[in-house]
$ cat run11.cif   # mmCIF, C-alpha atoms
data_input
loop_
_atom_site.label_atom_id
_atom_site.label_comp_id
_atom_site.auth_asym_id
_atom_site.auth_seq_id
_atom_site.Cartn_x
_atom_site.Cartn_y
_atom_site.Cartn_z
CA MET A 1 140.30 110.54 138.06
CA ARG A 2 138.61 108.54 135.34
CA ILE A 3 136.72 105.36 136.16
CA ILE A 4 137.06 102.44 133.75
CA ALA A 5 133.99 100.35 132.91
CA ALA A 6 133.97 96.77 134.24
CA TRP A 7 133.85 95.17 130.78
CA LYS A 8 136.98 97.10 129.76
CA LYS A 9 138.80 95.80 132.82
CA TRP A 10 137.89 92.20 131.96
CA TRP A 11 138.99 92.59 128.33
CA VAL A 12 142.33 94.10 129.39
CA ALA A 13 142.83 91.28 131.89
CA LEU A 14 142.04 88.60 129.29
CA LEU A 15 144.23 90.17 126.61
CA PHE A 16 147.24 90.43 128.91
CA LEU A 17 146.76 87.02 130.58
CA PRO A 18 148.87 85.16 127.93
CA GLN A 19 151.74 87.59 128.52
CA ILE A 20 151.57 86.99 132.26
CA LEU A 21 151.54 83.22 131.74
CA ALA A 22 154.43 83.33 129.26
CA GLY A 23 156.52 85.56 131.53
CA SER A 24 155.81 83.37 134.55
CA GLY A 25 156.74 80.26 132.55
CA VAL A 26 160.06 81.77 131.47
CA ILE A 27 160.90 82.73 135.06
CA LEU A 28 159.98 79.25 136.32
CA LEU A 29 162.07 77.58 133.57
CA TRP A 30 165.07 79.74 134.43
CA TYR A 31 164.76 79.20 138.19
CA PHE A 32 164.11 75.43 138.01
CA GLN A 33 166.32 74.68 135.00
CA ASN A 34 167.86 71.60 136.63
CA GLU A 35 164.50 69.91 137.25
CA GLN A 36 163.30 67.09 134.99
CA TRP A 37 160.13 68.88 133.81
CA ALA A 38 162.14 72.01 132.97
CA ARG A 39 164.64 69.99 130.89
CA LEU A 40 161.80 68.32 128.99
CA THR A 41 160.19 71.70 128.31
CA LEU A 42 163.49 73.27 127.17
CA ASN A 43 164.17 70.27 124.90
CA TRP A 44 160.68 70.62 123.40
CA LEU A 45 161.24 74.34 122.84
CA ALA A 46 164.34 73.44 120.78
CA THR A 47 162.18 71.46 118.31
CA ASP A 48 160.34 72.99 115.33
CA PRO A 49 156.89 73.10 117.03
CA GLY A 50 158.51 74.70 120.09
CA GLN A 51 160.21 77.34 117.95
CA ILE A 52 156.90 78.12 116.20
CA THR A 53 155.25 78.44 119.62
CA LEU A 54 157.94 80.89 120.74
CA VAL A 55 157.51 82.97 117.57
CA VAL A 56 153.73 83.10 118.05
CA ILE A 57 154.10 84.17 121.69
CA ALA A 58 156.68 86.82 120.76
CA ALA A 59 154.47 88.13 117.92
CA TYR A 60 151.51 88.35 120.33
CA ALA A 61 153.60 90.24 122.87
CA ILE A 62 154.83 92.69 120.21
CA PHE A 63 151.28 93.18 118.88
CA MET A 64 149.94 93.88 122.36
CA ALA A 65 152.76 96.33 123.08
CA LEU A 66 152.08 98.22 119.83
CA ALA A 67 148.33 98.22 120.50
CA THR A 68 148.84 99.53 124.03
CA ILE A 69 151.18 102.28 122.85
CA SER A 70 148.84 103.33 120.04
CA VAL A 71 145.84 103.47 122.40
CA ALA A 72 147.86 105.59 124.83
CA ILE A 73 149.03 107.97 122.12
CA PHE A 74 145.90 108.29 119.98
CA ARG A 75 143.26 108.24 122.74
CA PRO A 76 141.25 111.42 122.54
CA THR A 77 141.59 113.81 125.43
CA THR A 78 138.50 115.78 124.49
CA THR A 79 135.14 115.08 126.01
CA LYS A 80 131.48 115.93 125.53
CA GLN A 81 131.01 116.56 129.26
CA LEU A 82 133.64 118.26 131.38
CA THR A 83 133.74 118.08 135.17
CA VAL A 84 134.07 121.69 136.30
CA ALA A 85 133.77 121.21 140.07
CA ARG A 86 134.40 118.36 142.50
CA ASP A 87 133.49 118.07 146.14
CA GLY A 88 134.05 114.57 147.44
CA ALA A 89 131.55 112.30 145.70
CA PHE A 90 129.70 115.21 144.10
CA HIS A 91 130.69 116.26 140.59
CA VAL A 92 129.37 119.16 138.55
CA LYS A 93 129.59 118.47 134.82
CA VAL A 94 128.88 120.83 131.96
CA ASP A 95 127.78 119.66 128.53
CA GLN A 96 129.58 120.72 125.35
CA GLU A 97 126.35 121.87 123.69
CA ALA A 98 125.50 124.04 126.68
CA VAL A 99 128.91 125.75 126.48
CA GLU A 100 128.48 126.28 122.72
CA LYS A 101 125.02 127.83 123.17
CA HIS A 102 126.30 130.05 125.97
CA LEU A 103 129.15 131.28 123.76
CA ARG A 104 126.73 131.97 120.90
CA LEU A 105 124.74 134.17 123.25
CA ALA A 106 127.93 135.90 124.41
CA LEU A 107 128.77 136.62 120.74
CA ALA A 108 125.40 138.32 120.18
CA GLU A 109 126.73 141.73 121.29
CA TYR A 110 129.16 141.77 118.33
CA GLU A 111 126.35 141.69 115.74
CA LEU A 112 127.70 138.70 113.84
CA TYR A 113 125.35 136.89 111.49
CA ASN A 114 125.02 133.10 111.76
CA ALA A 115 127.52 133.03 114.60
CA GLN A 116 128.60 129.51 115.55
CA ALA A 117 130.92 128.43 118.33
CA HIS A 118 132.38 124.93 118.27
CA VAL A 119 134.08 123.85 121.49
CA LYS A 120 136.54 121.04 122.21
CA MET A 121 136.89 120.56 125.94
CA HIS A 122 140.08 118.92 127.24
CA ARG A 123 139.34 116.86 130.33
CA ASN A 124 142.93 116.63 131.58
CA SER A 125 143.70 120.34 131.63
CA GLN A 126 140.28 122.00 132.18
CA GLN A 127 140.82 123.98 128.97
CA ALA A 128 138.83 124.47 125.79
CA ASP A 129 139.58 125.09 122.13
CA VAL A 130 136.99 127.37 120.55
CA ASN A 131 136.31 127.76 116.84
CA VAL A 132 134.10 130.78 116.03
CA SER A 133 132.59 131.16 112.59
CA GLY A 134 130.04 133.53 111.14
CA MET A 135 129.49 136.54 108.92
CA LEU A 136 130.50 140.13 109.62
CA SER A 137 127.77 142.74 109.60
CA GLY A 138 128.49 146.16 108.18
CA ARG A 139 128.33 147.70 111.67
CA VAL A 140 131.31 145.81 113.13
CA ALA A 141 134.88 147.04 112.89
CA PRO A 142 136.98 143.96 112.03
CA GLU A 143 140.31 145.45 113.18
CA GLN A 144 139.69 145.02 116.89
CA LEU A 145 137.18 142.17 116.63
CA GLN A 146 139.46 139.19 117.22
CA THR A 147 141.03 140.56 120.41
CA ASP A 148 137.58 141.55 121.70
CA LEU A 149 136.22 138.10 120.88
CA LYS A 150 139.14 136.43 122.61
CA ALA A 151 138.68 138.50 125.76
CA THR A 152 134.91 137.96 125.81
CA ILE A 153 135.13 134.21 125.25
CA ALA A 154 137.94 133.74 127.78
CA ASN A 155 136.07 135.74 130.44
CA SER A 156 132.79 133.95 129.73
CA LEU A 157 134.35 130.49 129.95
CA LYS A 158 136.24 131.31 133.13
CA GLN A 159 133.39 133.05 134.95
CA HIS A 160 130.54 130.72 134.06
CA PHE A 161 132.22 127.32 133.71
CA ASN A 162 135.69 127.62 135.31
CA ILE A 163 137.29 126.57 132.00
CA ASP A 164 140.38 128.27 130.58
CA LEU A 165 140.62 129.21 126.91
CA ARG A 166 143.50 127.32 125.30
CA LYS A 167 143.11 128.16 121.64
CA LEU A 168 140.76 130.43 119.69
CA LYS A 169 140.23 130.25 115.96
CA VAL A 170 138.07 132.93 114.35
CA ASN A 171 136.75 132.39 110.83
CA LEU A 172 134.54 135.27 109.73
CA GLN A 173 133.26 135.99 106.24
CA PRO A 174 131.93 139.25 104.85
CA TYR A 175 128.16 139.51 104.65
CA ASP A 176 126.60 138.63 101.31
CA TYR A 177 122.99 139.52 100.51
CA LYS A 178 122.41 136.09 98.91
CA GLN A 179 122.92 134.24 102.20
CA GLU A 180 120.28 133.65 104.84
CA VAL A 181 120.76 135.10 108.28
CA ALA A 182 119.75 133.46 111.56
CA ILE A 183 119.27 135.94 114.38
CA VAL A 184 120.42 134.91 117.84
#
$ encode --input "run11.cif" --output "structure tokens"
Amino acid sequence: MRIIAAWKKWWVALLFLPQILAGSGVILLWYFQNEQWARLTLNWLATDPGQITLVVIAAYAIFMALATISVAIFRPTTTKQLTVARDGAFHVKVDQEAVEKHLRLALAEYELYNAQAHVKMHRNSQQADVNVSGMLSGRVAPEQLQTDLKATIANSLKQHFNIDLRKLKVNLQPYDYKQEVAIV
């Protein structure tokens, strides 16, 4: 469960308040259409300023609907900190940089030069996308390397952080003597 900040709640309430008022007004006009004040309001809505007011209210409602839909669709589901364990009010969170450093250390046994692991952690599904890049040393057999890397990374994520591996992308280059090498 994600907690929304108080200022976000107030902004959402203020942005949707005109829609609530307009909807309530339409319901009241329909229900009390035989009353004097309702007739005056309906007659005013038939004039040019009333029609412009209706167009502005409709445009605002359409804009807010499109904004809400776009926020729902394009909101990122990745996070820098992922909650890996919950026990009542206690939460255990793991940082993205800590997971990346741990994976770099797990990749050390494969003798890759300049090994980097970039992690995207998905908060809704407790899964991670991992992008591994680096240079192959001459001592590593590249035929079996990707399946070994996948098994190592998946086991490491599951055992140490209780995160499942969703997607693995391996981008390795052959070693060139002109490049610098950082040793892990």
$ resolve_selection --input "run11.cif" --expression "the PyMOL selection byres ((chain A and resi 156-163) around 9)" --output "PDB file with C-alpha atoms, in the coordinates of the input"
ATOM      1  CA  VAL A  84     134.070 121.690 136.300  1.00  0.00           C
ATOM      2  CA  ALA A  85     133.770 121.210 140.070  1.00  0.00           C
ATOM      3  CA  VAL A  94     128.880 120.830 131.960  1.00  0.00           C
ATOM      4  CA  VAL A  99     128.910 125.750 126.480  1.00  0.00           C
ATOM      5  CA  HIS A 102     126.300 130.050 125.970  1.00  0.00           C
ATOM      6  CA  LEU A 103     129.150 131.280 123.760  1.00  0.00           C
ATOM      7  CA  ALA A 106     127.930 135.900 124.410  1.00  0.00           C
ATOM      8  CA  MET A 121     136.890 120.560 125.940  1.00  0.00           C
ATOM      9  CA  SER A 125     143.700 120.340 131.630  1.00  0.00           C
ATOM     10  CA  GLN A 126     140.280 122.000 132.180  1.00  0.00           C
ATOM     11  CA  GLN A 127     140.820 123.980 128.970  1.00  0.00           C
ATOM     12  CA  ALA A 128     138.830 124.470 125.790  1.00  0.00           C
ATOM     13  CA  ALA A 151     138.680 138.500 125.760  1.00  0.00           C
ATOM     14  CA  THR A 152     134.910 137.960 125.810  1.00  0.00           C
ATOM     15  CA  ILE A 153     135.130 134.210 125.250  1.00  0.00           C
ATOM     16  CA  ALA A 154     137.940 133.740 127.780  1.00  0.00           C
ATOM     17  CA  ASN A 155     136.070 135.740 130.440  1.00  0.00           C
ATOM     18  CA  ASP A 164     140.380 128.270 130.580  1.00  0.00           C
ATOM     19  CA  LEU A 165     140.620 129.210 126.910  1.00  0.00           C
TER      20      LEU A 165
END
$ atom_distance --input "run11.cif" --atom1 "atom CA of Pro49 of chain A" --atom2 "atom CA of Phe63 of chain A"
20.9 Å
$ closest_residue --input "run11.cif" --among "A:Phe90, A:Ala38, A:Leu82, A:Trp11" --to "Gly25 of chain A" --atoms "only C-alpha atoms"
A:Ala38
$ atom_distance --input "run11.cif" --atom1 "atom CA of Met135 of chain A" --atom2 "atom CA of Leu107 of chain A"
11.8 Å
$ resolve_selection --input "run11.cif" --expression "the PyMOL selection byres ((chain A and resi 22) around 12)" --output "PyMOL selection string"
chain A and resi 16-21+23-29+53-54+56-58+60-61
$ write_last_selection --input "run11.cif" --atoms "C-alpha atoms" --output "PDB file, in the coordinates of the input"
ATOM      1  CA  PHE A  16     147.240  90.430 128.910  1.00  0.00           C
ATOM      2  CA  LEU A  17     146.760  87.020 130.580  1.00  0.00           C
ATOM      3  CA  PRO A  18     148.870  85.160 127.930  1.00  0.00           C
ATOM      4  CA  GLN A  19     151.740  87.590 128.520  1.00  0.00           C
ATOM      5  CA  ILE A  20     151.570  86.990 132.260  1.00  0.00           C
ATOM      6  CA  LEU A  21     151.540  83.220 131.740  1.00  0.00           C
ATOM      7  CA  GLY A  23     156.520  85.560 131.530  1.00  0.00           C
ATOM      8  CA  SER A  24     155.810  83.370 134.550  1.00  0.00           C
ATOM      9  CA  GLY A  25     156.740  80.260 132.550  1.00  0.00           C
ATOM     10  CA  VAL A  26     160.060  81.770 131.470  1.00  0.00           C
ATOM     11  CA  ILE A  27     160.900  82.730 135.060  1.00  0.00           C
ATOM     12  CA  LEU A  28     159.980  79.250 136.320  1.00  0.00           C
ATOM     13  CA  LEU A  29     162.070  77.580 133.570  1.00  0.00           C
ATOM     14  CA  THR A  53     155.250  78.440 119.620  1.00  0.00           C
ATOM     15  CA  LEU A  54     157.940  80.890 120.740  1.00  0.00           C
ATOM     16  CA  VAL A  56     153.730  83.100 118.050  1.00  0.00           C
ATOM     17  CA  ILE A  57     154.100  84.170 121.690  1.00  0.00           C
ATOM     18  CA  ALA A  58     156.680  86.820 120.760  1.00  0.00           C
ATOM     19  CA  TYR A  60     151.510  88.350 120.330  1.00  0.00           C
ATOM     20  CA  ALA A  61     153.600  90.240 122.870  1.00  0.00           C
TER      21      ALA A  61
END
$ residues_around --input "run11.cif" --residues "Leu105 of chain A" --least-positions-apart "6" --cutoff "10 Å" --atoms "only C-alpha atoms" --output "list in words"
Val99, Ala115, Gln116, Ala117 and Val184 of chain A
$ atom_distance --input "run11.cif" --atom1 "atom CA of Ala6 of chain A" --atom2 "atom CA of Gln96 of chain A"
25.9 Å
$ residues_around --input "run11.cif" --residues "Leu136 of chain A" --least-positions-apart "2" --cutoff "9 Å" --atoms "all atoms listed in the file" --output "PyMOL selection string"
chain A and resi 110-113+134+138-142+172-175
$ residues_near_point --input "run11.cif" --point "(144.3, 114.7, 128.8)" --cutoff "8 Å" --atoms "all atoms listed in the file" --output "ChimeraX atom specification"
/A:76-78,122-125
$ write_last_selection --input "run11.cif" --atoms "C-alpha atoms" --output "PDB file, in the coordinates of the input"
ATOM      1  CA  PRO A  76     141.250 111.420 122.540  1.00  0.00           C
ATOM      2  CA  THR A  77     141.590 113.810 125.430  1.00  0.00           C
ATOM      3  CA  THR A  78     138.500 115.780 124.490  1.00  0.00           C
ATOM      4  CA  HIS A 122     140.080 118.920 127.240  1.00  0.00           C
ATOM      5  CA  ARG A 123     139.340 116.860 130.330  1.00  0.00           C
ATOM      6  CA  ASN A 124     142.930 116.630 131.580  1.00  0.00           C
ATOM      7  CA  SER A 125     143.700 120.340 131.630  1.00  0.00           C
TER       8      SER A 125
END
$ closest_residue --input "run11.cif" --among "A:Ala5, A:Ile73, A:Val170, A:Val12" --to "His118 of chain A" --atoms "all atoms listed in the file"
A:Val170
$ closest_residue --input "run11.cif" --among "A:Lys93, A:Lys9, A:Arg39, A:Arg104" --to "Ser133 of chain A" --atoms "all atoms listed in the file"
A:Arg104
